[in-house]
$ cat start-v1.txt   # compact mmCIF, C-alpha atoms and all ligand atoms
# COMPACT_ATOMS: atom_id res chain seq x y z
CA MET A 57 24.15 -24.51 19.08
CA ALA A 58 22.43 -21.11 19.38
CA GLU A 59 25.13 -19.98 21.81
CA LYS A 60 27.87 -21.00 19.40
CA TYR A 61 26.24 -19.03 16.58
CA GLU A 62 25.82 -15.98 18.80
CA ARG A 63 29.45 -16.14 19.86
CA LEU A 64 30.61 -16.54 16.25
CA ILE A 65 28.54 -13.49 15.22
CA GLN A 66 29.92 -11.44 18.10
CA TRP A 67 33.50 -12.34 17.22
CA LEU A 68 32.85 -11.51 13.56
CA ARG A 69 31.60 -8.10 14.68
CA ASP A 70 34.69 -7.64 16.84
CA ALA A 71 36.86 -8.51 13.85
CA HIS A 72 34.93 -6.06 11.68
CA ALA A 73 35.54 -3.31 14.25
CA MET A 74 39.21 -4.32 14.38
CA GLU A 75 39.50 -3.93 10.60
CA MET A 76 37.80 -0.53 10.65
CA GLN A 77 40.31 0.56 13.27
CA ALA A 78 43.13 -0.97 11.25
CA GLU A 79 42.09 0.97 8.14
CA THR A 80 42.26 4.26 10.06
CA MET A 81 45.66 3.44 11.61
CA LEU A 82 47.21 2.19 8.36
CA LYS A 83 46.05 5.19 6.37
CA ALA A 84 47.49 7.57 8.95
CA GLN A 85 50.75 5.61 9.02
CA ALA A 86 51.12 5.56 5.23
CA SER A 87 50.34 9.24 4.79
CA ARG A 88 53.07 10.21 7.26
CA LEU A 89 55.84 8.24 5.53
CA GLU A 90 57.89 10.44 3.20
CA ASN A 91 61.25 8.71 2.96
CA TYR A 92 60.33 5.03 3.08
CA PRO A 93 58.58 4.38 -0.25
CA ASP A 94 58.68 0.55 -0.06
CA LEU A 95 57.14 0.51 3.40
CA ARG A 96 54.59 3.11 2.39
CA SER A 97 53.41 1.22 -0.69
CA ARG A 98 53.19 -2.09 1.20
CA ILE A 99 51.05 -0.38 3.85
CA GLU A 100 48.89 1.16 1.12
CA GLN A 101 48.43 -2.29 -0.41
CA HIS A 102 47.35 -3.55 3.01
CA VAL A 103 44.83 -0.71 3.31
CA THR A 104 43.12 -2.11 0.21
CA GLU A 105 43.28 -5.63 1.64
CA THR A 106 41.89 -4.36 4.95
CA GLN A 107 38.91 -2.74 3.22
CA ARG A 108 38.16 -6.02 1.44
CA GLN A 109 38.49 -7.91 4.73
CA ALA A 110 35.91 -5.65 6.40
CA GLN A 111 33.57 -6.24 3.48
CA LEU A 112 34.09 -10.00 3.63
CA LEU A 113 33.29 -10.00 7.36
CA GLN A 114 30.16 -7.96 6.77
CA GLU A 115 29.04 -10.53 4.19
CA CYS A 116 29.60 -13.35 6.70
CA ILE A 117 27.57 -11.51 9.35
CA THR A 118 24.73 -10.84 6.90
CA ARG A 119 24.75 -14.46 5.70
CA LEU A 120 24.34 -15.58 9.32
CA GLY A 121 21.18 -13.48 9.48
CA ALA A 122 22.56 -10.93 11.91
CA ASP A 123 22.12 -7.23 11.41
CA THR A 124 25.13 -4.98 11.31
CA SER A 125 23.60 -2.14 13.33
CA SER A 126 25.28 -2.97 16.65
CA MET A 127 28.78 -2.74 15.18
CA LYS A 128 29.56 0.26 17.36
CA ASP A 129 29.50 -1.79 20.58
CA ALA A 130 32.26 -4.03 19.33
CA ALA A 131 34.28 -1.02 18.19
CA GLY A 132 34.42 0.26 21.79
CA LYS A 133 35.84 -3.00 23.15
CA ILE A 134 38.42 -3.34 20.43
CA THR A 135 39.56 0.24 20.83
CA ALA A 136 40.33 -0.43 24.49
CA MET A 137 42.34 -3.53 23.55
CA MET A 138 44.37 -1.69 20.97
CA GLN A 139 45.08 1.50 22.90
CA GLY A 140 48.67 0.52 23.64
CA LEU A 141 49.43 -0.18 20.01
CA GLY A 142 47.63 2.93 18.82
CA GLY A 143 50.27 5.09 20.48
CA ALA A 144 53.08 3.55 18.45
CA PHE A 145 51.02 3.81 15.24
CA ALA A 146 50.27 7.43 15.91
CA GLY A 147 53.85 8.15 16.97
CA ASP A 148 56.05 10.04 14.59
CA GLU A 149 58.71 7.37 14.20
CA VAL A 150 58.99 4.83 11.40
CA VAL A 151 60.77 1.98 13.23
CA LYS A 152 58.35 2.02 16.19
CA GLY A 153 55.49 2.19 13.69
CA ALA A 154 56.76 -0.86 11.81
CA MET A 155 57.17 -2.73 15.11
CA ALA A 156 53.61 -1.82 16.10
CA GLY A 157 52.41 -2.98 12.70
CA TYR A 158 54.14 -6.35 13.08
CA THR A 159 52.56 -6.77 16.53
CA PHE A 160 49.13 -5.72 15.29
CA GLU A 161 49.23 -8.21 12.38
CA HIS A 162 49.80 -10.99 14.90
CA PHE A 163 46.88 -9.78 16.97
CA GLU A 164 44.80 -10.10 13.80
CA ILE A 165 46.22 -13.56 12.99
CA SER A 166 45.17 -14.80 16.44
CA ALA A 167 41.68 -13.32 16.02
CA TYR A 168 41.22 -15.16 12.71
CA ALA A 169 42.62 -18.43 14.07
CA ALA A 170 39.92 -18.29 16.76
CA LEU A 171 37.27 -17.33 14.18
CA VAL A 172 38.17 -20.25 11.89
CA ALA A 173 37.72 -22.64 14.83
CA ALA A 174 34.45 -20.97 15.90
CA ALA A 175 33.06 -21.14 12.36
CA GLU A 176 34.06 -24.81 12.00
CA ALA A 177 32.38 -25.53 15.35
CA VAL A 178 28.99 -24.66 13.82
CA GLY A 179 29.80 -26.15 10.41
CA ASP A 180 29.94 -22.74 8.70
CA HIS A 181 32.62 -23.60 6.16
CA GLN A 182 32.09 -20.42 4.13
CA THR A 183 32.92 -18.21 7.12
CA ALA A 184 35.83 -20.48 8.05
CA SER A 185 37.20 -20.21 4.53
CA ALA A 186 36.77 -16.41 4.45
CA CYS A 187 38.63 -16.07 7.75
CA GLN A 188 41.34 -18.42 6.49
CA THR A 189 41.80 -16.19 3.44
CA ILE A 190 42.02 -13.06 5.59
CA MET A 191 44.46 -14.75 7.99
CA LYS A 192 46.82 -15.48 5.07
CA GLU A 193 46.85 -11.78 4.14
CA GLU A 194 47.66 -10.84 7.74
CA GLN A 195 50.46 -13.42 7.82
CA ALA A 196 51.88 -12.10 4.54
CA MET A 197 51.83 -8.56 5.91
CA ALA A 198 53.50 -9.67 9.16
CA ASP A 199 56.17 -11.57 7.19
CA TRP A 200 56.84 -8.56 4.99
CA LEU A 201 57.18 -6.21 7.98
CA ARG A 202 59.57 -8.61 9.71
CA ASP A 203 61.66 -9.14 6.58
CA ASN A 204 61.91 -5.41 5.94
CA LEU A 205 62.48 -4.19 9.48
CA PRO A 206 66.31 -4.47 9.24
CA ALA A 207 66.42 -2.41 6.01
CA THR A 208 64.03 0.16 7.45
CA THR A 209 66.16 0.40 10.59
CA ARG A 210 69.41 0.79 8.59
CA ARG A 211 67.83 3.50 6.45
CA TYR A 212 66.65 5.29 9.58
CA LEU A 213 70.12 5.20 11.12
CA GLU A 214 71.84 6.32 7.91
CA ARG A 215 69.48 9.22 7.37
CA GLU A 216 69.77 10.30 10.99
CA ALA A 217 73.59 10.14 10.84
CA ALA A 218 73.54 12.21 7.63
CA GLY A 219 71.39 14.86 9.28
CA GLN A 220 68.38 14.02 7.07
CA GLU A 221 64.77 13.62 8.14
CA ALA A 222 64.74 10.00 9.39
CA LYS A 223 61.62 9.53 11.49
CA ARG A 224 59.18 9.52 8.62
MG MG B 301 43.17 -7.11 8.74
FE FE B 302 46.20 -6.72 8.76

$ encode --input "start-v1.txt" --output "structure tokens" --more "lines below"
Ligand code: MG
Ligand code: FE
Amino acid sequence: MAEKYERLIQWLRDAHAMEMQAETMLKAQASRLENYPDLRSRIEQHVTETQRQAQLLQECITRLGADTSSMKDAAGKITAMMQGLGGAFAGDEVVKGAMAGYTFEHFEISAYAALVAAAEAVGDHQTASACQTIMKEEQAMADWLRDNLPATTRRYLEREAAGQEAKR
């Protein structure tokens, strides 16, 4: 049982590091967008959600009696995992950025699916429920990005054809 708790705590820390990274990427992405107001405001909404998610995870970690001082270790691992995606987020191109966002949301969904199972495995229903709540927000963000990718792409192509700034 001790091993299961330790693993759950480690994965919660990983998820916390993932959300901190997500906040940075989303803020940078939103601030770059000038000509895609719907996409920008949905990303800004998700920044707020992401901040709440990080807080929720911190509360779960604290409730499990773990300290939050070793968060930096997890951040290193997660950064390595997300390096590929980071490029597209940082890139100066709206369609690639939206694609990277859609991919990243699914990475998050999979992390929370594993966390729900890990929390249930030790009977920690509060953590399971928190991770379920977060997972729904990630799914909603992924759905929105998918549903809006065609419109974003059309707008990009129209602006480019009209000689207007299209990439951001
Ligand atoms: Mg998130
Ligand atoms: Fe997310």

$ axis_aligned_box --input "start-v1.txt" --around "region 63-77 of chain A" --padding-each-side "8 Å" --output "AutoDock Vina command-line options"
--center_x 34.4 --center_y -8.0 --center_z 15.2 --size_x 27.8 --size_y 33.1 --size_z 25.3

$ atom_distance --input "start-v1.txt" --atom1 "CA of Gln182 (chain A)" --atom2 "CA of Gln195 (chain A)"
20.0 Å

$ residues_near_ligand --input "start-v1.txt" --ligand "ligand MG 301 (chain B)" --cutoff "8 Å" --atoms "only C-alpha atoms and all ligand atoms" --output "PDB file with C-alpha atoms, in the coordinates of the input"
ATOM      1  CA  MET A  74      39.210  -4.320  14.380  1.00  0.00           C
ATOM      2  CA  GLU A  75      39.500  -3.930  10.600  1.00  0.00           C
ATOM      3  CA  ALA A  78      43.130  -0.970  11.250  1.00  0.00           C
ATOM      4  CA  HIS A 102      47.350  -3.550   3.010  1.00  0.00           C
ATOM      5  CA  GLU A 105      43.280  -5.630   1.640  1.00  0.00           C
ATOM      6  CA  THR A 106      41.890  -4.360   4.950  1.00  0.00           C
ATOM      7  CA  GLN A 109      38.490  -7.910   4.730  1.00  0.00           C
ATOM      8  CA  ALA A 110      35.910  -5.650   6.400  1.00  0.00           C
ATOM      9  CA  GLU A 161      49.230  -8.210  12.380  1.00  0.00           C
ATOM     10  CA  GLU A 164      44.800 -10.100  13.800  1.00  0.00           C
ATOM     11  CA  ILE A 190      42.020 -13.060   5.590  1.00  0.00           C
ATOM     12  CA  MET A 191      44.460 -14.750   7.990  1.00  0.00           C
ATOM     13  CA  GLU A 193      46.850 -11.780   4.140  1.00  0.00           C
ATOM     14  CA  GLU A 194      47.660 -10.840   7.740  1.00  0.00           C
TER      15      GLU A 194
END

$ residues_near_ligand --input "start-v1.txt" --ligand "ligand FE 302 (chain B)" --cutoff "12 Å" --atoms "all atoms listed in the file" --output "MDAnalysis selection string"
chainID A and resid 71:72 74:82 98:110 156:168 189:201

$ residues_near_point --input "start-v1.txt" --point "(22.8, -10.9, 13.3)" --cutoff "12 Å" --atoms "all atoms listed in the file" --output "number ranges by chain"
A: 58, 61-69, 114-127

$ atom_distance --input "start-v1.txt" --atom1 "CA of Met57 (chain A)" --atom2 "CA of Asp70 (chain A)"
20.0 Å

$ closest_residue --input "start-v1.txt" --among "A:Gln220, A:Thr183, A:Ser97, A:Gln85" --to "Gly153 (chain A)" --atoms "all atoms listed in the file"
A:Gln85

$ closest_residue --input "start-v1.txt" --among "A:Cys187, A:Leu171, A:Val178, A:Ala207" --to "Ala154 (chain A)" --atoms "all atoms listed in the file"
A:Ala207
